[in-house]
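K.L.:
Next up is a structure, given as structure tokens.
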Amino acid sequence: MLKTFENREGWIWYDGKFIEWNNAKSHIISQGLHYASAVFEGERAYNGTIFKSVEHTQRFFKSAETVGIKIPYSQEEINQAKEELIKKMNYKDCYVRPFAWRGSNLMGLSTTHSNIHVSIAVWDDWTTYYKLEDMKDGLSLITSPWKRPPPDSIPFEAKASGPYLICTLSKSFAEENGYNEALMLDYRGLIAEATSSNIFLIKEKEIHTPIPDCFLNGITRQTVIEMVKNQGYNLIERYIKPEELKNFDEVFLTGTAAEITPVKSIDSYKFLTGDKSTTFQFMKDYRDLVTKS
Ligand SMILES: Cc1ncc(COP(=O)(O)O)c(C=O)c1O
């Protein structure tokens with residue numbers, strides 16, 4: 001049986017202290033809960049070390065600043081807390097979730113005097129984000145009716161809770177229709193990303209990926225771009241129309257949770273049909289990279 005997240009043993013770093021997992025509670029009246037006034041990070045530790053921990057913390061603080069949340073700790077304190085928590089939980093490989101939110105002292109949308117809370121939780125359940133059999137065969141995607149909004153509608157570079165409603169709706173749409181994931185287009189109708197990952201498309205030695213001008217430029221995305229360029233691939237960032245999907249041999253998703261995940265289909269377009277397995281090679285290369293650094 002799957003462990004629930006509300007009831008498990010262990011520790012959570014909560015406002016500067018380690019407290020027991022089951023005591024990490026917050027009042028139901030909370031601006032974070034009611035208005036999604038919150039930001040978070042998603043990170044992975046391999047062999048006890050968080051991959052790009054400093055970069056994730058920098059993004060955490062940038063996200064907070066973007067939505068006007070002032071984190072009452074230094075970046076060094078957060079980095080140290082993450083490390084100590086992983087040790088305290090006795091984990092080697094785990095997912096790391098820093099979270100900052102506006103608390104319960106006020107209701108309404110005025111945030112000038114809101115209390116800010118910060119927590120960090122870690123868990124080892126997400127060995128792979130998707131089921132192993134789906135990772136082997138590749139995911140099936142359906143195009144979501146929900147679109148990534150224009151950059152002047154919501155701050156897209158912040159990993160803020162609010163915009164995740166678009167991802168939740170898209171993911172539910174995919175699952176209700178029997179698919180593993182959703183492809184989200186942007187407000188222009190161009191290919192954007194999946195619900196918690198960026199997208200890459202392969203055609204022989206060329207790898208294409210959309211320009212992140214209205215969605216998160218993932219840390220994994222940036223890592224993979226550098227990795228494939230170092231391997232001599234021609235990496236092309238450009239605007240990609242959905243009807244161009246017919247031109248590609250392979251498609252994969254990248255994200256901290258998803259790592260590199262192959263895609264077998266998007267709507268009626270099929271990939272990985274021949275014996276081409278560049279994606280599977282990249283999955284191995286990425287693993288080597290994150291476990292060695
Ligand atoms: C919507 C969305 N896009 C992209 C990503 C990939 O980002 P990263 O590689 O930094 O985890 C994530 C995961 O955080 C995400 O939630």
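Residues are named by chain letter and number: chains run A, B, ... in the order of the structure tokens, numbers start at 1 in each chain, and ligands are numbered from 1 in the order shown.
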Give the residue list for ligand 1 at 8 Å, counting only C-alpha atoms and all ligand atoms, as a PyMOL selection string, sorted by chain and then by residue number.

P.N.:
chain A and resi 41-43+56+159+164+167+193-198+215-222+254-259

K.L.:
Show me, as a list in words, the residues that have an atom within 7 Å of Val263 of chain A when counting only C-alpha atoms, minus same-chain residues fewer than 5 positions from it.

P.N.:
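Final neighbour list, sorted by chain and number: Gly138, Leu139, Ser140, Val251, Phe252 and Phe271 of chain A.
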
K.L.:
Which neighbours of Ser26 of chain A fall inside 12 Å, counting only C-alpha atoms, when residues of the same chain fewer than 3 positions from it are skipped, and could you give them as number ranges by chain?

P.N.:
A: 14-15, 22-23, 29-33, 101-105, 116-119

K.L.:
If you run DSSP on this backbone, which residues of segment 16-255 of chain A come out as alpha helix (DSSP H), and could you give them as a short mmCIF file (atom, residue, chain, number, x, y, z; two decimals) with all heavy atoms, in the first residue's frame?

P.N.:
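Below you can see part21.cif, which holds the result:
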data_model
loop_
_atom_site.label_atom_id
_atom_site.label_comp_id
_atom_site.auth_asym_id
_atom_site.auth_seq_id
_atom_site.Cartn_x
_atom_site.Cartn_y
_atom_site.Cartn_z
N GLN A 31 -3.60 32.30 3.64
CA GLN A 31 -3.57 32.91 2.30
C GLN A 31 -2.89 31.96 1.30
O GLN A 31 -3.24 31.93 0.13
CB GLN A 31 -2.83 34.24 2.34
CG GLN A 31 -3.63 35.32 3.06
CD GLN A 31 -2.93 36.66 3.01
OE1 GLN A 31 -1.72 36.75 3.20
NE2 GLN A 31 -3.69 37.71 2.77
N GLY A 32 -1.96 31.17 1.81
CA GLY A 32 -1.28 30.19 0.95
C GLY A 32 -2.28 29.20 0.38
O GLY A 32 -2.29 28.91 -0.82
N LEU A 33 -3.15 28.71 1.25
CA LEU A 33 -4.13 27.70 0.85
C LEU A 33 -5.26 28.30 0.01
O LEU A 33 -5.64 27.77 -1.03
CB LEU A 33 -4.69 27.06 2.13
CG LEU A 33 -5.50 25.79 2.02
CD1 LEU A 33 -4.68 24.68 1.36
CD2 LEU A 33 -5.92 25.33 3.42
N HIS A 34 -5.79 29.45 0.45
CA HIS A 34 -6.96 30.02 -0.23
C HIS A 34 -6.64 30.68 -1.56
O HIS A 34 -7.42 30.61 -2.49
CB HIS A 34 -7.65 31.04 0.68
CG HIS A 34 -8.34 30.40 1.86
ND1 HIS A 34 -9.67 30.56 2.11
CD2 HIS A 34 -7.87 29.58 2.82
CE1 HIS A 34 -10.00 29.86 3.20
NE2 HIS A 34 -8.91 29.27 3.65
N TYR A 35 -5.49 31.36 -1.61
CA TYR A 35 -5.19 32.14 -2.82
C TYR A 35 -3.95 31.63 -3.55
O TYR A 35 -3.41 32.35 -4.40
CB TYR A 35 -5.01 33.62 -2.45
CG TYR A 35 -6.14 34.15 -1.60
CD1 TYR A 35 -5.90 34.67 -0.34
CD2 TYR A 35 -7.46 34.11 -2.06
CE1 TYR A 35 -6.93 35.15 0.45
CE2 TYR A 35 -8.50 34.57 -1.27
CZ TYR A 35 -8.24 35.09 -0.02
OH TYR A 35 -9.27 35.55 0.76
N SER A 53 21.85 21.88 -5.94
CA SER A 53 21.15 22.41 -4.76
C SER A 53 21.18 23.95 -4.73
O SER A 53 20.15 24.59 -4.47
CB SER A 53 21.82 21.86 -3.50
OG SER A 53 21.24 22.40 -2.36
N VAL A 54 22.34 24.51 -5.02
CA VAL A 54 22.48 25.98 -4.95
C VAL A 54 21.57 26.65 -5.99
O VAL A 54 20.86 27.62 -5.68
CB VAL A 54 23.97 26.37 -5.18
CG1 VAL A 54 24.13 27.86 -5.39
CG2 VAL A 54 24.81 25.90 -3.99
N GLU A 55 21.53 26.08 -7.20
CA GLU A 55 20.69 26.65 -8.27
C GLU A 55 19.21 26.57 -7.88
O GLU A 55 18.43 27.49 -8.14
CB GLU A 55 20.90 25.90 -9.59
CG GLU A 55 22.24 26.16 -10.26
CD GLU A 55 23.38 25.28 -9.78
OE1 GLU A 55 23.28 24.72 -8.66
OE2 GLU A 55 24.38 25.15 -10.50
N HIS A 56 18.83 25.44 -7.26
CA HIS A 56 17.42 25.31 -6.84
C HIS A 56 17.07 26.35 -5.77
O HIS A 56 15.99 26.95 -5.80
CB HIS A 56 17.14 23.89 -6.34
CG HIS A 56 16.90 22.90 -7.44
ND1 HIS A 56 15.72 22.86 -8.16
CD2 HIS A 56 17.69 21.95 -7.97
CE1 HIS A 56 15.79 21.90 -9.07
NE2 HIS A 56 16.98 21.33 -8.99
N THR A 57 18.00 26.54 -4.83
CA THR A 57 17.73 27.53 -3.77
C THR A 57 17.65 28.93 -4.37
O THR A 57 16.80 29.74 -3.99
CB THR A 57 18.81 27.45 -2.67
OG1 THR A 57 18.76 26.13 -2.12
CG2 THR A 57 18.58 28.46 -1.57
N GLN A 58 18.54 29.20 -5.33
CA GLN A 58 18.49 30.53 -5.98
C GLN A 58 17.13 30.73 -6.65
O GLN A 58 16.52 31.78 -6.55
CB GLN A 58 19.60 30.65 -7.03
CG GLN A 58 20.94 30.94 -6.42
CD GLN A 58 22.10 30.75 -7.38
OE1 GLN A 58 21.93 30.26 -8.50
NE2 GLN A 58 23.29 31.13 -6.94
N ARG A 59 16.64 29.68 -7.34
CA ARG A 59 15.34 29.80 -8.01
C ARG A 59 14.22 29.96 -6.98
O ARG A 59 13.26 30.71 -7.20
CB ARG A 59 15.08 28.58 -8.91
CG ARG A 59 13.79 28.72 -9.70
CD ARG A 59 13.62 27.67 -10.76
NE ARG A 59 13.35 26.35 -10.21
CZ ARG A 59 13.22 25.25 -10.95
NH1 ARG A 59 13.35 25.31 -12.27
NH2 ARG A 59 12.98 24.08 -10.39
N PHE A 60 14.34 29.24 -5.84
CA PHE A 60 13.34 29.34 -4.77
C PHE A 60 13.22 30.79 -4.30
O PHE A 60 12.11 31.34 -4.19
CB PHE A 60 13.80 28.42 -3.63
CG PHE A 60 12.84 28.29 -2.48
CD1 PHE A 60 11.48 28.04 -2.69
CD2 PHE A 60 13.29 28.35 -1.17
CE1 PHE A 60 10.61 27.89 -1.63
CE2 PHE A 60 12.43 28.19 -0.10
CZ PHE A 60 11.08 27.96 -0.32
N PHE A 61 14.35 31.42 -4.08
CA PHE A 61 14.34 32.81 -3.61
C PHE A 61 13.85 33.76 -4.71
O PHE A 61 13.16 34.74 -4.43
CB PHE A 61 15.73 33.22 -3.09
CG PHE A 61 15.96 32.78 -1.67
CD1 PHE A 61 16.10 31.44 -1.36
CD2 PHE A 61 15.99 33.70 -0.63
CE1 PHE A 61 16.28 31.01 -0.05
CE2 PHE A 61 16.17 33.28 0.69
CZ PHE A 61 16.33 31.94 0.98
N LYS A 62 14.20 33.47 -5.94
CA LYS A 62 13.77 34.32 -7.06
C LYS A 62 12.24 34.20 -7.22
O LYS A 62 11.54 35.19 -7.41
CB LYS A 62 14.50 33.85 -8.33
CG LYS A 62 14.30 34.71 -9.53
CD LYS A 62 15.37 35.79 -9.58
CE LYS A 62 15.14 36.87 -10.58
NZ LYS A 62 14.17 37.83 -10.49
N SER A 63 11.74 32.95 -7.13
CA SER A 63 10.28 32.74 -7.24
C SER A 63 9.57 33.53 -6.15
O SER A 63 8.57 34.21 -6.40
CB SER A 63 9.92 31.26 -7.07
OG SER A 63 10.51 30.47 -8.07
N ALA A 64 10.10 33.42 -4.93
CA ALA A 64 9.48 34.11 -3.79
C ALA A 64 9.48 35.62 -4.03
O ALA A 64 8.45 36.29 -3.87
CB ALA A 64 10.24 33.76 -2.51
N GLU A 65 10.63 36.13 -4.46
CA GLU A 65 10.74 37.57 -4.69
C GLU A 65 9.73 38.02 -5.76
O GLU A 65 9.06 39.05 -5.63
CB GLU A 65 12.17 37.85 -5.15
CG GLU A 65 12.53 39.31 -5.23
CD GLU A 65 13.88 39.50 -5.91
OE1 GLU A 65 14.81 38.68 -5.70
OE2 GLU A 65 13.99 40.47 -6.69
N THR A 66 9.59 37.19 -6.80
CA THR A 66 8.69 37.53 -7.91
C THR A 66 7.24 37.68 -7.44
O THR A 66 6.51 38.53 -7.94
CB THR A 66 8.77 36.44 -9.01
OG1 THR A 66 10.12 36.27 -9.37
CG2 THR A 66 7.96 36.79 -10.23
N GLN A 75 19.95 32.09 1.94
CA GLN A 75 20.06 30.94 1.03
C GLN A 75 20.95 29.87 1.67
O GLN A 75 20.68 28.68 1.53
CB GLN A 75 20.62 31.39 -0.32
CG GLN A 75 19.72 32.39 -1.00
CD GLN A 75 19.89 32.45 -2.51
OE1 GLN A 75 20.47 31.57 -3.13
NE2 GLN A 75 19.37 33.50 -3.11
N GLU A 76 21.99 30.30 2.39
CA GLU A 76 22.90 29.34 3.04
C GLU A 76 22.13 28.53 4.10
O GLU A 76 22.33 27.33 4.23
CB GLU A 76 24.08 30.05 3.72
CG GLU A 76 25.07 30.71 2.77
CD GLU A 76 24.49 31.92 2.02
OE1 GLU A 76 23.66 32.65 2.62
OE2 GLU A 76 24.82 32.11 0.84
N GLU A 77 21.25 29.22 4.84
CA GLU A 77 20.48 28.50 5.88
C GLU A 77 19.57 27.44 5.24
O GLU A 77 19.44 26.33 5.77
CB GLU A 77 19.64 29.50 6.69
CG GLU A 77 20.46 30.25 7.72
CD GLU A 77 19.67 31.38 8.38
OE1 GLU A 77 19.05 32.20 7.66
OE2 GLU A 77 19.71 31.46 9.62
N ILE A 78 18.98 27.78 4.10
CA ILE A 78 18.10 26.81 3.42
C ILE A 78 18.94 25.64 2.88
O ILE A 78 18.56 24.47 3.04
CB ILE A 78 17.29 27.50 2.29
CG1 ILE A 78 16.35 28.56 2.87
CG2 ILE A 78 16.54 26.48 1.43
CD1 ILE A 78 15.24 28.07 3.80
N ASN A 79 20.10 25.95 2.31
CA ASN A 79 20.96 24.87 1.79
C ASN A 79 21.37 23.92 2.91
O ASN A 79 21.35 22.70 2.75
CB ASN A 79 22.21 25.46 1.13
CG ASN A 79 21.88 26.11 -0.20
OD1 ASN A 79 20.90 25.75 -0.85
ND2 ASN A 79 22.68 27.08 -0.61
N GLN A 80 21.71 24.51 4.04
CA GLN A 80 22.14 23.69 5.17
C GLN A 80 20.97 22.86 5.73
O GLN A 80 21.12 21.69 6.04
CB GLN A 80 22.68 24.61 6.26
CG GLN A 80 23.57 23.88 7.25
CD GLN A 80 24.01 24.80 8.37
OE1 GLN A 80 24.10 26.02 8.18
NE2 GLN A 80 24.26 24.25 9.53
N ALA A 81 19.80 23.49 5.81
CA ALA A 81 18.62 22.78 6.33
C ALA A 81 18.28 21.58 5.45
O ALA A 81 17.94 20.50 5.94
CB ALA A 81 17.44 23.74 6.40
N LYS A 82 18.40 21.76 4.13
CA LYS A 82 18.11 20.64 3.21
C LYS A 82 19.05 19.47 3.47
O LYS A 82 18.62 18.33 3.59
CB LYS A 82 18.28 21.11 1.74
CG LYS A 82 17.22 22.08 1.25
CD LYS A 82 17.29 22.31 -0.25
CE LYS A 82 18.46 23.11 -0.73
NZ LYS A 82 18.39 23.51 -2.15
N GLU A 83 20.33 19.81 3.60
CA GLU A 83 21.34 18.76 3.83
C GLU A 83 21.09 18.03 5.14
O GLU A 83 21.12 16.80 5.21
CB GLU A 83 22.73 19.38 3.90
CG GLU A 83 23.41 19.49 2.56
CD GLU A 83 24.75 20.19 2.70
OE1 GLU A 83 25.48 19.92 3.67
OE2 GLU A 83 25.04 21.04 1.83
N GLU A 84 20.84 18.83 6.20
CA GLU A 84 20.63 18.22 7.52
C GLU A 84 19.39 17.33 7.54
O GLU A 84 19.37 16.27 8.15
CB GLU A 84 20.48 19.30 8.59
CG GLU A 84 21.81 19.92 8.97
CD GLU A 84 21.65 21.07 9.97
OE1 GLU A 84 20.62 21.13 10.68
OE2 GLU A 84 22.55 21.92 10.01
N LEU A 85 18.35 17.79 6.84
CA LEU A 85 17.10 17.02 6.81
C LEU A 85 17.31 15.66 6.13
O LEU A 85 16.82 14.63 6.61
CB LEU A 85 16.00 17.83 6.10
CG LEU A 85 14.63 17.19 6.05
CD1 LEU A 85 14.06 16.95 7.46
CD2 LEU A 85 13.65 18.07 5.27
N ILE A 86 18.04 15.67 5.02
CA ILE A 86 18.29 14.41 4.30
C ILE A 86 19.04 13.44 5.21
O ILE A 86 18.72 12.25 5.28
CB ILE A 86 19.05 14.68 2.99
CG1 ILE A 86 18.14 15.42 2.01
CG2 ILE A 86 19.56 13.38 2.36
CD1 ILE A 86 18.84 15.93 0.76
N LYS A 87 20.00 13.97 5.94
CA LYS A 87 20.78 13.12 6.88
C LYS A 87 19.88 12.60 7.99
O LYS A 87 19.90 11.42 8.32
CB LYS A 87 21.92 13.92 7.50
CG LYS A 87 23.09 14.12 6.57
CD LYS A 87 24.40 14.31 7.35
CE LYS A 87 25.50 14.71 6.39
NZ LYS A 87 25.61 16.18 6.25
N LYS A 88 19.07 13.50 8.55
CA LYS A 88 18.18 13.13 9.66
C LYS A 88 17.17 12.05 9.23
O LYS A 88 16.76 11.21 10.02
CB LYS A 88 17.42 14.39 10.11
CG LYS A 88 17.21 14.49 11.60
CD LYS A 88 16.74 15.89 11.98
CE LYS A 88 15.89 15.91 13.22
NZ LYS A 88 16.47 15.37 14.43
N LEU A 132 7.30 2.50 -13.79
CA LEU A 132 8.46 1.98 -14.52
C LEU A 132 8.10 1.45 -15.91
O LEU A 132 8.82 1.69 -16.89
CB LEU A 132 9.11 0.86 -13.72
CG LEU A 132 10.41 1.22 -13.00
CD1 LEU A 132 11.00 -0.01 -12.36
CD2 LEU A 132 11.40 1.90 -13.93
N GLU A 133 6.94 0.76 -16.00
CA GLU A 133 6.57 0.19 -17.31
C GLU A 133 6.29 1.30 -18.33
O GLU A 133 6.59 1.17 -19.52
CB GLU A 133 5.40 -0.80 -17.22
CG GLU A 133 4.09 -0.25 -16.67
CD GLU A 133 3.89 -0.55 -15.19
OE1 GLU A 133 4.89 -0.56 -14.44
OE2 GLU A 133 2.73 -0.74 -14.78
N ASP A 134 5.74 2.44 -17.84
CA ASP A 134 5.49 3.56 -18.75
C ASP A 134 6.80 4.20 -19.19
O ASP A 134 6.93 4.69 -20.31
CB ASP A 134 4.60 4.61 -18.08
CG ASP A 134 3.21 4.07 -17.77
OD1 ASP A 134 2.78 3.14 -18.49
OD2 ASP A 134 2.57 4.55 -16.84
N MET A 135 7.78 4.22 -18.26
CA MET A 135 9.10 4.78 -18.59
C MET A 135 9.76 3.94 -19.69
O MET A 135 10.43 4.45 -20.57
CB MET A 135 10.02 4.76 -17.36
CG MET A 135 9.54 5.53 -16.18
SD MET A 135 9.79 7.29 -16.33
CE MET A 135 11.55 7.46 -16.22
N LYS A 136 9.57 2.61 -19.60
CA LYS A 136 10.21 1.72 -20.59
C LYS A 136 9.60 1.88 -21.98
O LYS A 136 10.30 1.95 -22.98
CB LYS A 136 10.05 0.26 -20.12
CG LYS A 136 11.23 -0.19 -19.27
CD LYS A 136 11.18 -1.69 -19.07
CE LYS A 136 11.45 -2.03 -17.61
NZ LYS A 136 10.47 -2.90 -16.98
N ASP A 137 8.26 1.94 -22.01
CA ASP A 137 7.57 2.00 -23.31
C ASP A 137 7.45 3.42 -23.83
O ASP A 137 7.23 3.65 -25.01
CB ASP A 137 6.13 1.45 -23.18
CG ASP A 137 6.13 -0.01 -22.78
OD1 ASP A 137 7.20 -0.64 -22.92
OD2 ASP A 137 5.09 -0.50 -22.31
N TYR A 164 0.03 26.40 -11.17
CA TYR A 164 -0.06 24.93 -11.23
C TYR A 164 -1.49 24.43 -11.41
O TYR A 164 -1.69 23.26 -11.72
CB TYR A 164 0.62 24.28 -10.01
CG TYR A 164 2.09 24.08 -10.31
CD1 TYR A 164 3.00 25.10 -10.10
CD2 TYR A 164 2.54 22.89 -10.90
CE1 TYR A 164 4.34 24.94 -10.43
CE2 TYR A 164 3.87 22.73 -11.24
CZ TYR A 164 4.77 23.75 -11.01
OH TYR A 164 6.08 23.59 -11.36
N LEU A 165 -2.47 25.31 -11.22
CA LEU A 165 -3.85 24.88 -11.48
C LEU A 165 -4.00 24.50 -12.96
O LEU A 165 -4.71 23.55 -13.30
CB LEU A 165 -4.84 26.00 -11.10
CG LEU A 165 -6.31 25.62 -11.23
CD1 LEU A 165 -6.65 24.36 -10.42
CD2 LEU A 165 -7.20 26.76 -10.78
N ILE A 166 -3.29 25.20 -13.83
CA ILE A 166 -3.34 24.88 -15.27
C ILE A 166 -2.77 23.48 -15.49
O ILE A 166 -3.30 22.69 -16.28
CB ILE A 166 -2.53 25.92 -16.10
CG1 ILE A 166 -3.04 27.33 -15.82
CG2 ILE A 166 -2.59 25.60 -17.59
CD1 ILE A 166 -2.13 28.43 -16.35
N CYS A 167 -1.71 23.17 -14.75
CA CYS A 167 -1.08 21.85 -14.88
C CYS A 167 -1.99 20.76 -14.31
O CYS A 167 -2.13 19.69 -14.89
CB CYS A 167 0.26 21.83 -14.13
SG CYS A 167 1.37 23.15 -14.64
N THR A 168 -2.61 21.06 -13.16
CA THR A 168 -3.51 20.08 -12.55
C THR A 168 -4.69 19.77 -13.47
O THR A 168 -5.06 18.61 -13.67
CB THR A 168 -4.06 20.64 -11.21
OG1 THR A 168 -2.97 21.13 -10.46
CG2 THR A 168 -4.77 19.59 -10.40
N LEU A 169 -5.28 20.82 -14.05
CA LEU A 169 -6.41 20.62 -14.96
C LEU A 169 -5.97 19.81 -16.19
O LEU A 169 -6.70 18.92 -16.65
CB LEU A 169 -6.96 21.98 -15.42
CG LEU A 169 -7.75 22.77 -14.37
CD1 LEU A 169 -7.91 24.22 -14.79
CD2 LEU A 169 -9.12 22.13 -14.15
N SER A 170 -4.79 20.11 -16.69
CA SER A 170 -4.30 19.41 -17.89
C SER A 170 -4.02 17.95 -17.58
O SER A 170 -4.34 17.05 -18.35
CB SER A 170 -3.01 20.08 -18.39
OG SER A 170 -3.28 21.41 -18.76
N LYS A 171 -3.40 17.71 -16.42
CA LYS A 171 -3.07 16.33 -16.02
C LYS A 171 -4.37 15.52 -15.82
O LYS A 171 -4.46 14.38 -16.27
CB LYS A 171 -2.26 16.37 -14.72
CG LYS A 171 -1.80 15.04 -14.20
CD LYS A 171 -0.54 14.56 -14.87
CE LYS A 171 -0.06 13.25 -14.28
NZ LYS A 171 1.15 12.77 -14.89
N SER A 172 -5.37 16.12 -15.18
CA SER A 172 -6.65 15.42 -14.99
C SER A 172 -7.29 15.12 -16.33
O SER A 172 -7.82 14.02 -16.55
CB SER A 172 -7.63 16.27 -14.18
OG SER A 172 -7.07 16.62 -12.97
N PHE A 173 -7.23 16.09 -17.24
CA PHE A 173 -7.80 15.88 -18.58
C PHE A 173 -7.13 14.67 -19.24
O PHE A 173 -7.80 13.80 -19.81
CB PHE A 173 -7.60 17.15 -19.42
CG PHE A 173 -8.01 17.00 -20.86
CD1 PHE A 173 -9.35 17.07 -21.22
CD2 PHE A 173 -7.06 16.78 -21.86
CE1 PHE A 173 -9.74 16.91 -22.55
CE2 PHE A 173 -7.45 16.62 -23.18
CZ PHE A 173 -8.79 16.70 -23.53
N ALA A 174 -5.80 14.58 -19.13
CA ALA A 174 -5.07 13.47 -19.74
C ALA A 174 -5.49 12.15 -19.10
O ALA A 174 -5.84 11.19 -19.79
CB ALA A 174 -3.57 13.68 -19.58
N GLU A 175 -5.49 12.10 -17.78
CA GLU A 175 -5.80 10.84 -17.09
C GLU A 175 -7.24 10.41 -17.34
O GLU A 175 -7.51 9.23 -17.56
CB GLU A 175 -5.49 10.98 -15.60
CG GLU A 175 -3.99 11.04 -15.36
CD GLU A 175 -3.57 11.14 -13.91
OE1 GLU A 175 -4.43 11.42 -13.04
OE2 GLU A 175 -2.38 10.96 -13.64
N GLU A 176 -8.15 11.37 -17.33
CA GLU A 176 -9.57 11.02 -17.58
C GLU A 176 -9.76 10.44 -18.98
O GLU A 176 -10.68 9.67 -19.22
CB GLU A 176 -10.46 12.27 -17.43
CG GLU A 176 -10.77 12.58 -15.98
CD GLU A 176 -11.18 14.04 -15.77
OE1 GLU A 176 -11.48 14.73 -16.76
OE2 GLU A 176 -11.18 14.47 -14.59
N ILE A 219 15.61 23.54 -14.69
CA ILE A 219 17.03 23.30 -14.40
C ILE A 219 17.48 22.03 -15.12
O ILE A 219 18.59 21.96 -15.65
CB ILE A 219 17.24 23.24 -12.86
CG1 ILE A 219 17.03 24.65 -12.29
CG2 ILE A 219 18.60 22.68 -12.49
CD1 ILE A 219 17.08 24.77 -10.79
N THR A 220 16.60 21.05 -15.21
CA THR A 220 16.93 19.83 -15.97
C THR A 220 17.05 20.16 -17.45
O THR A 220 17.95 19.66 -18.14
CB THR A 220 15.84 18.75 -15.77
OG1 THR A 220 15.42 18.76 -14.40
CG2 THR A 220 16.33 17.37 -16.14
N ARG A 221 16.15 21.01 -17.94
CA ARG A 221 16.21 21.43 -19.35
C ARG A 221 17.58 22.02 -19.66
O ARG A 221 18.22 21.67 -20.64
CB ARG A 221 15.09 22.46 -19.61
CG ARG A 221 15.05 23.02 -21.02
CD ARG A 221 13.99 24.13 -21.13
NE ARG A 221 13.91 24.63 -22.49
CZ ARG A 221 14.71 25.58 -22.99
NH1 ARG A 221 15.64 26.13 -22.24
NH2 ARG A 221 14.57 25.96 -24.25
N GLN A 222 18.01 22.94 -18.79
CA GLN A 222 19.31 23.60 -19.02
C GLN A 222 20.46 22.59 -18.95
O GLN A 222 21.41 22.66 -19.72
CB GLN A 222 19.51 24.70 -17.98
CG GLN A 222 18.48 25.83 -18.12
CD GLN A 222 18.50 26.78 -16.94
OE1 GLN A 222 19.55 27.23 -16.52
NE2 GLN A 222 17.34 27.07 -16.38
N THR A 223 20.34 21.63 -18.02
CA THR A 223 21.39 20.60 -17.88
C THR A 223 21.44 19.73 -19.13
O THR A 223 22.53 19.41 -19.65
CB THR A 223 21.06 19.70 -16.65
OG1 THR A 223 20.89 20.54 -15.52
CG2 THR A 223 22.16 18.69 -16.39
N VAL A 224 20.26 19.36 -19.64
CA VAL A 224 20.19 18.47 -20.80
C VAL A 224 20.69 19.20 -22.06
O VAL A 224 21.38 18.61 -22.90
CB VAL A 224 18.76 17.90 -20.97
CG1 VAL A 224 18.57 17.22 -22.32
CG2 VAL A 224 18.46 16.91 -19.85
N ILE A 225 20.36 20.47 -22.18
CA ILE A 225 20.85 21.25 -23.33
C ILE A 225 22.38 21.21 -23.37
O ILE A 225 22.99 20.93 -24.40
CB ILE A 225 20.31 22.71 -23.27
CG1 ILE A 225 18.82 22.72 -23.62
CG2 ILE A 225 21.10 23.63 -24.21
CD1 ILE A 225 18.15 24.08 -23.60
N GLU A 226 22.99 21.44 -22.21
CA GLU A 226 24.45 21.44 -22.15
C GLU A 226 24.99 20.04 -22.47
O GLU A 226 25.95 19.88 -23.22
CB GLU A 226 24.85 21.85 -20.74
CG GLU A 226 26.27 22.37 -20.62
CD GLU A 226 26.59 22.67 -19.16
OE1 GLU A 226 25.76 23.33 -18.49
OE2 GLU A 226 27.65 22.23 -18.71
N MET A 227 24.32 19.03 -21.91
CA MET A 227 24.77 17.64 -22.11
C MET A 227 24.74 17.25 -23.58
O MET A 227 25.72 16.71 -24.10
CB MET A 227 23.86 16.71 -21.28
CG MET A 227 24.24 15.25 -21.33
SD MET A 227 23.06 14.24 -20.38
CE MET A 227 21.89 13.79 -21.67
N VAL A 228 23.64 17.55 -24.28
CA VAL A 228 23.55 17.11 -25.68
C VAL A 228 24.45 17.94 -26.61
O VAL A 228 24.99 17.42 -27.57
CB VAL A 228 22.08 17.06 -26.20
CG1 VAL A 228 21.23 16.14 -25.34
CG2 VAL A 228 21.45 18.43 -26.32
N LYS A 229 24.63 19.21 -26.23
CA LYS A 229 25.56 20.04 -27.02
C LYS A 229 26.97 19.47 -26.90
O LYS A 229 27.71 19.38 -27.89
CB LYS A 229 25.55 21.48 -26.52
CG LYS A 229 24.40 22.32 -27.07
CD LYS A 229 24.60 23.75 -26.63
CE LYS A 229 23.53 24.67 -27.16
NZ LYS A 229 23.57 26.00 -26.53
N ASN A 230 27.35 19.07 -25.67
CA ASN A 230 28.68 18.48 -25.45
C ASN A 230 28.86 17.19 -26.23
O ASN A 230 29.98 16.80 -26.54
CB ASN A 230 28.91 18.19 -23.95
CG ASN A 230 29.16 19.47 -23.19
OD1 ASN A 230 29.49 20.50 -23.79
ND2 ASN A 230 28.98 19.43 -21.88
#

K.L.:
What is the atom CA of Ala158 of chain A-atom CA of Ile71 of chain A distance in Å, reported with one decimal?

P.N.:
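Rounded to one decimal, the two atoms are 14.3 Å apart.
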
K.L.:
Taking the DSSP assignment computed from this structure's backbone, write out as a PyMOL selection string all residues of segment 70-276 of chain A that belong to strand (DSSP E or B).

P.N.:
chain A and resi 94-102+116-123+139-143+148+160+181-186+191-194+198-203+206-209+234-237+250-255+259-266+269-270

K.L.:
Near Asp152 of chain A, counting only C-alpha atoms, which residues have an atom at most 12 Å away, once you skip same-chain residues fewer than 2 positions from it, shown as a PyMOL selection string?

P.N.:
chain A and resi 148-150+154-157+187+213-215

K.L.:
Using only C-alpha atoms, which residue out of A:Lys284, A:Lys205, A:His27, A:Lys292 lies closest to Glu250 of chain A?

P.N.:
A:Lys205

K.L.:
Take atom CA of Tyr130 of chain A and atom CA of Lys92 of chain A and report the distance between them in Å, one decimal.

P.N.:
19.9 Å

K.L.:
For atom CA of Cys94 of chain A and atom CA of Ile207 of chain A, determine how far apart the two atoms are, in Å to one decimal place.

P.N.:
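According to the coordinates, atom CA of Cys94 of chain A and atom CA of Ile207 of chain A are separated by 29.7 Å.
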
K.L.:
Tell me which of A:Ile260, A:Phe18, A:Tyr91, A:Ile69 sits closest to Asn47 of chain A, counting only C-alpha atoms.

P.N.:
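Nearest to Asn47 of chain A: A:Tyr91.
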
K.L.:
Measuring between only C-alpha atoms, which one of A:Leu235, A:Ile199, A:Val290, A:Ala36 shows the shortest distance to Glu181 of chain A?

P.N.:
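Checking each of A:Leu235, A:Ile199, A:Val290, A:Ala36 against Glu181 of chain A, counting only C-alpha atoms, the winner is A:Ile199.
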